[in-house]
Amino acid sequence: MADTANYPTRKAEEWRYSDVDALQTLDLAAINDWRSVTVAAGETYREFFHLDKTDDVELHRLRVQVGDGARCELFAVNAGSQLGRVEVEVTLGKGAHFEFGGVTLGGEQTTREFVTRTIHAEPEATSNQTIRAVHWGRGVGNFLGRIDVARHAQKTDAAQDFKGLLLERGAAANAVPQLEIFADDVKCAHGATVGQLDEQARFYMAARGLSPEESRKLLVRAFLADAFAALDDEDKQGELLDQALSAVGEKL
Amino acid sequence: MLKIENLHAEIDGKKILNGLSLEVNAGEIHAIMGPNGAGKSTLAYVLGGRPGYEVTEGSVTFDGQDLLDLAPHERASAGMFLGFQYPVEIPGVSNVQFLREALNSQRKYRGEEPLSGGEFLKLAKEKAGLLKLDMEMLKRNVNVGFSGGEKKRAEMVQMGILDPQFAVLDETDSGLDIDALRTVGEGINSIMRTPEKSVLLITHYQRLLDYVKPDKVHVLAKGRIVTSGGPELALQLENEGYETVAA
Ligand SMILES: Nc1ncnc2c1ncn2[C@@H]1O[C@H](COP(=O)(O)OP(=O)(O)O)[C@@H](O)[C@H]1O
Ligand SMILES: [Mg+2]
């Protein structure tokens, strides 16, 4: 994820499913603009992202250095712009933790994506990433999650869980886990599934009086909720879910 | 209350119901019995409006309206309850959340005020008590991790909360032990045994009918009603089997 002298193309791994055409509306300086955060040893850093603009591109690029025993928690609702992209590079100190919970939502021809690179640079660090993607129309949701485990970073525990839910034919969800592991005592779990709404559940819900819109809303909310389950603030969880659901709204 | 005339229905082009006619008046409980594969669940699903079940001929009138013209959720709001042979699990959605939304959605459809959270919980507690289902179960996700018997009792709690005019109960007795059978039977009586309500009780066995006394018993075979009679018909079926009675 070094600075680019040219506009990114889909040949680059981390732009593989992106809408690189939309990037042309940004100047290169904006594309190369990375924000840096340092979390001191033992501290907790928490940040929320809510992408809901209607312009061409909303791009967030963040580098986080997480000190020994410190925590970095990022939660994101990515439901805006032609291309909405949150890109994070996290370097974990000894015993540090990275928590990432993100949802992408979008229809029409939009692309919404998360690209993470988690560097387990020291032993005993943990990371947990939960991504849920809900798309319709010709919308695309992507999660590219790279995990690097340094040679001496023993007892690393890294987990990635991606689920896509496609509400209409024509939408797509892509998950690309990439593991670069040089230590041997390491746990790396990753899962990726893509499916549709459970029609049996929808008929069951209809038989109890819920309209198709109401049952879809309940099921989508339940589906998205996993992404924010690790957030220890129930009100904020509810707020993030409401933000996400308002993006699905009446578009269907 | 419910009048089915010459109903023909198919799934994936396969004919399942072949000219089924049946009339259930307010205040009546009718039992439908029949061999496996006769079309009992198909009848229940057609009444509920399940996608994929195509009615090719005939009519169903419910409370003076053309039932087949209503969407599934509108049928529920009009007072039709379908108790599932296999209740569906819904991960991530609690019973309380699901049923409160369902009830309020029905009430809205009928032009009634929604129930508050407190009012709903009081109602849910009362109905759970009636069916001897632990209130904690209702806080869990819909049918997820429930045993077969718990699912059936939860169906009846749902029926109690939604308070329908008409219930189609598809093998609500299957998977129940003898104590649960009595509880469910008493639950059905207490919720549905009124002069304004009716029940279509689909069952395989006579044993539920010991608790819920039917006014009429019908035998469904090969997609139509082949015999009808009083409660004694159920006993006769139990003793002689479908082959003799339905022949
Ligand atoms: N989804 C389906 N597709 C095709 N055939 C079906 C389907 N569901 C049921 N059937 C067939 O319809 C017939 C009636 O089934 P069903 O209504 O479930 O019977 P019952 O409830 O009386 O045991 C059976 O022959 C069954 O195989
Ligand atoms: Mg059946």
# chains A, B, ... in the order shown; residues from 1 in each chain; ligands from 1
call {"tool": "residues_near_ligand", "arguments": {"ligand": "ligand 2", "cutoff": "12 Å", "atoms": "only C-alpha atoms and all ligand atoms", "output": "number ranges by chain"}}
result
B: 32-45, 83-86, 169-174, 201-204, 220
call {"tool": "select_by_dssp", "arguments": {"residues": "region 109-242 of chain A", "states": "strand (DSSP E)", "output": "MDAnalysis selection string"}}
result
chainID A and resid 111:120 126:135 140:149 156:166 172:181 186:195
call {"tool": "closest_atom_pairs", "arguments": {"of": "chain A", "to": "chain B", "cutoff": "9 Å", "atoms": "only C-alpha atoms", "output": "tab-separated table"}}
result
residue	atom	partner	partner_atom	distance
A:Asp198	CA	B:Ile90	CA	8.9
A:Gln200	CA	B:Val88	CA	7.0
A:Ala201	CA	B:Val88	CA	6.1
A:Phe203	CA	B:Arg50	CA	6.4
A:Tyr204	CA	B:Val88	CA	6.6
A:Met205	CA	B:Ala102	CA	7.7
A:Ala206	CA	B:His73	CA	4.4
A:Ala207	CA	B:Ala76	CA	5.6
A:Arg208	CA	B:Ala76	CA	5.7
A:Gly209	CA	B:His73	CA	4.2
A:Leu210	CA	B:Ala102	CA	5.4
A:Ser211	CA	B:His73	CA	5.5
A:Pro212	CA	B:His73	CA	8.0
A:Glu214	CA	B:Glu101	CA	8.5
A:Leu218	CA	B:Val93	CA	7.2
A:Leu219	CA	B:Val93	CA	7.4
A:Arg221	CA	B:Gly92	CA	8.3
A:Ala222	CA	B:Gly92	CA	4.7
A:Phe223	CA	B:Gly92	CA	7.0
A:Ala225	CA	B:Gly92	CA	7.9
A:Asp226	CA	B:Gly92	CA	8.7
call {"tool": "write_last_selection", "arguments": {"atoms": "N, CA, C and O atoms", "output": "mmCIF file, in the first residue's frame"}}
result
data_model
loop_
_atom_site.group_PDB
_atom_site.id
_atom_site.type_symbol
_atom_site.label_atom_id
_atom_site.label_comp_id
_atom_site.auth_asym_id
_atom_site.auth_seq_id
_atom_site.Cartn_x
_atom_site.Cartn_y
_atom_site.Cartn_z
ATOM 1 N N ASP A 198 -33.571 -15.959 3.238
ATOM 2 C CA ASP A 198 -34.173 -17.259 3.448
ATOM 3 C C ASP A 198 -35.678 -17.169 3.143
ATOM 4 O O ASP A 198 -36.443 -16.597 3.918
ATOM 5 N N GLN A 200 -37.953 -19.436 3.100
ATOM 6 C CA GLN A 200 -38.798 -20.162 4.066
ATOM 7 C C GLN A 200 -39.116 -19.272 5.257
ATOM 8 O O GLN A 200 -40.244 -19.229 5.735
ATOM 9 N N ALA A 201 -38.064 -18.589 5.732
ATOM 10 C CA ALA A 201 -38.266 -17.690 6.869
ATOM 11 C C ALA A 201 -39.213 -16.565 6.485
ATOM 12 O O ALA A 201 -40.063 -16.157 7.268
ATOM 13 N N PHE A 203 -41.678 -16.640 4.297
ATOM 14 C CA PHE A 203 -43.072 -17.087 4.268
ATOM 15 C C PHE A 203 -43.597 -17.282 5.693
ATOM 16 O O PHE A 203 -44.731 -16.917 6.008
ATOM 17 N N TYR A 204 -42.742 -17.836 6.539
ATOM 18 C CA TYR A 204 -43.133 -18.014 7.946
ATOM 19 C C TYR A 204 -43.502 -16.669 8.573
ATOM 20 O O TYR A 204 -44.510 -16.526 9.255
ATOM 21 N N MET A 205 -42.690 -15.659 8.291
ATOM 22 C CA MET A 205 -42.938 -14.332 8.848
ATOM 23 C C MET A 205 -44.202 -13.717 8.243
ATOM 24 O O MET A 205 -44.979 -13.055 8.932
ATOM 25 N N ALA A 206 -44.410 -13.963 6.959
ATOM 26 C CA ALA A 206 -45.631 -13.461 6.306
ATOM 27 C C ALA A 206 -46.856 -14.126 6.928
ATOM 28 O O ALA A 206 -47.886 -13.481 7.151
ATOM 29 N N ALA A 207 -46.735 -15.418 7.237
ATOM 30 C CA ALA A 207 -47.859 -16.145 7.830
ATOM 31 C C ALA A 207 -48.195 -15.615 9.222
ATOM 32 O O ALA A 207 -49.235 -15.941 9.773
ATOM 33 N N ARG A 208 -47.306 -14.805 9.777
ATOM 34 C CA ARG A 208 -47.589 -14.183 11.078
ATOM 35 C C ARG A 208 -48.001 -12.720 10.909
ATOM 36 O O ARG A 208 -48.206 -12.020 11.894
ATOM 37 N N GLY A 209 -48.018 -12.253 9.670
ATOM 38 C CA GLY A 209 -48.543 -10.908 9.435
ATOM 39 C C GLY A 209 -47.534 -9.870 8.988
ATOM 40 O O GLY A 209 -47.879 -8.708 8.809
ATOM 41 N N LEU A 210 -46.271 -10.266 8.812
ATOM 42 C CA LEU A 210 -45.271 -9.278 8.390
ATOM 43 C C LEU A 210 -45.255 -9.140 6.866
ATOM 44 O O LEU A 210 -45.209 -10.138 6.141
ATOM 45 N N SER A 211 -45.269 -7.913 6.391
ATOM 46 C CA SER A 211 -45.225 -7.664 4.952
ATOM 47 C C SER A 211 -43.841 -8.044 4.426
ATOM 48 O O SER A 211 -42.898 -8.170 5.201
ATOM 49 N N PRO A 212 -43.710 -8.203 3.105
ATOM 50 C CA PRO A 212 -42.392 -8.521 2.546
ATOM 51 C C PRO A 212 -41.318 -7.505 2.951
ATOM 52 O O PRO A 212 -40.183 -7.889 3.252
ATOM 53 N N GLU A 214 -41.285 -5.678 5.718
ATOM 54 C CA GLU A 214 -40.989 -5.825 7.148
ATOM 55 C C GLU A 214 -40.115 -7.047 7.422
ATOM 56 O O GLU A 214 -39.184 -6.983 8.225
ATOM 57 N N LEU A 218 -36.267 -7.083 9.037
ATOM 58 C CA LEU A 218 -35.875 -7.863 10.223
ATOM 59 C C LEU A 218 -34.723 -8.811 9.906
ATOM 60 O O LEU A 218 -33.780 -8.938 10.689
ATOM 61 N N LEU A 219 -34.818 -9.463 8.764
ATOM 62 C CA LEU A 219 -33.779 -10.435 8.412
ATOM 63 C C LEU A 219 -32.461 -9.743 8.082
ATOM 64 O O LEU A 219 -31.387 -10.222 8.454
ATOM 65 N N ARG A 221 -31.475 -6.843 9.248
ATOM 66 C CA ARG A 221 -30.947 -6.340 10.513
ATOM 67 C C ARG A 221 -30.241 -7.455 11.292
ATOM 68 O O ARG A 221 -29.141 -7.268 11.809
ATOM 69 N N ALA A 222 -30.886 -8.619 11.341
ATOM 70 C CA ALA A 222 -30.288 -9.758 12.051
ATOM 71 C C ALA A 222 -28.963 -10.158 11.400
ATOM 72 O O ALA A 222 -27.992 -10.477 12.074
ATOM 73 N N PHE A 223 -28.960 -10.105 10.078
ATOM 74 C CA PHE A 223 -27.755 -10.466 9.329
ATOM 75 C C PHE A 223 -26.608 -9.490 9.621
ATOM 76 O O PHE A 223 -25.460 -9.897 9.838
ATOM 77 N N ALA A 225 -26.224 -7.538 12.224
ATOM 78 C CA ALA A 225 -25.927 -7.316 13.648
ATOM 79 C C ALA A 225 -24.599 -7.932 14.080
ATOM 80 O O ALA A 225 -23.912 -7.381 14.943
ATOM 81 N N ASP A 226 -24.216 -9.053 13.475
ATOM 82 C CA ASP A 226 -22.954 -9.708 13.838
ATOM 83 C C ASP A 226 -21.769 -8.748 13.760
ATOM 84 O O ASP A 226 -20.826 -8.858 14.535
#
call {"tool": "atom_distance", "arguments": {"atom1": "CA of Asp12 (chain B)", "atom2": "atom 19 (O, counted along the ligand's line) of ligand 1"}}
result
14.7 Å
call {"tool": "closest_residue", "arguments": {"among": "B:Ile188, B:Ala128, B:Ala9, B:Val157", "to": "ligand 1", "atoms": "only C-alpha atoms and all ligand atoms"}}
result
B:Ala9
call {"tool": "residues_around", "arguments": {"residues": "Val64 (chain A)", "least_positions_apart": "5", "cutoff": "9 Å", "atoms": "only C-alpha atoms", "output": "PyMOL selection string"}}
result
chain A and resi 35-39+72+88-92
call {"tool": "write_last_selection", "arguments": {"atoms": "N, CA and C atoms", "output": "mmCIF file, in the first residue's frame"}}
result
data_model
loop_
_atom_site.group_PDB
_atom_site.id
_atom_site.type_symbol
_atom_site.label_atom_id
_atom_site.label_comp_id
_atom_site.auth_asym_id
_atom_site.auth_seq_id
_atom_site.Cartn_x
_atom_site.Cartn_y
_atom_site.Cartn_z
ATOM 1 N N ARG A 35 -4.015 8.799 6.673
ATOM 2 C CA ARG A 35 -4.048 9.386 8.006
ATOM 3 C C ARG A 35 -3.359 8.401 8.951
ATOM 4 N N SER A 36 -2.645 8.932 9.936
ATOM 5 C CA SER A 36 -1.928 8.055 10.865
ATOM 6 C C SER A 36 -2.449 8.200 12.282
ATOM 7 N N VAL A 37 -2.569 7.085 12.943
ATOM 8 C CA VAL A 37 -2.996 7.076 14.344
ATOM 9 C C VAL A 37 -2.031 6.190 15.107
ATOM 10 N N THR A 38 -1.638 6.639 16.290
ATOM 11 C CA THR A 38 -0.792 5.800 17.145
ATOM 12 C C THR A 38 -1.537 5.556 18.447
ATOM 13 N N VAL A 39 -1.659 4.299 18.812
ATOM 14 C CA VAL A 39 -2.328 3.970 20.070
ATOM 15 C C VAL A 39 -1.242 3.542 21.056
ATOM 16 N N CYS A 72 -7.304 -1.467 19.198
ATOM 17 C CA CYS A 72 -7.845 -0.564 18.180
ATOM 18 C C CYS A 72 -9.175 -1.163 17.728
ATOM 19 N N VAL A 88 -7.535 0.152 5.682
ATOM 20 C CA VAL A 88 -6.873 0.258 6.967
ATOM 21 C C VAL A 88 -5.644 -0.624 7.000
ATOM 22 N N GLU A 89 -4.570 -0.057 7.496
ATOM 23 C CA GLU A 89 -3.365 -0.870 7.717
ATOM 24 C C GLU A 89 -3.032 -0.773 9.198
ATOM 25 N N VAL A 90 -3.074 -1.909 9.853
ATOM 26 C CA VAL A 90 -2.892 -1.930 11.302
ATOM 27 C C VAL A 90 -1.655 -2.746 11.650
ATOM 28 N N THR A 91 -0.772 -2.173 12.453
ATOM 29 C CA THR A 91 0.395 -2.930 12.916
ATOM 30 C C THR A 91 0.251 -3.148 14.419
ATOM 31 N N LEU A 92 0.251 -4.416 14.806
ATOM 32 C CA LEU A 92 -0.055 -4.753 16.198
ATOM 33 C C LEU A 92 1.210 -5.055 16.991
#
call {"tool": "closest_residue", "arguments": {"among": "B:Gly117, B:Gly13, B:Gly145, B:Pro195", "to": "Phe166 (chain B)", "atoms": "only C-alpha atoms"}}
result
B:Pro195
call {"tool": "residues_around", "arguments": {"residues": "region 12-24 of chain A", "least_positions_apart": "3", "cutoff": "12 Å", "atoms": "only C-alpha atoms", "output": "PyMOL selection string"}}
result
chain A and resi 1-2+4+6-9+27-32+55-59+81-89+109-117+139-146+172-178
call {"tool": "closest_residue", "arguments": {"among": "B:Leu208, B:Leu2, B:Leu233, B:Leu47", "to": "ligand 1", "atoms": "only C-alpha atoms and all ligand atoms"}}
result
B:Leu47
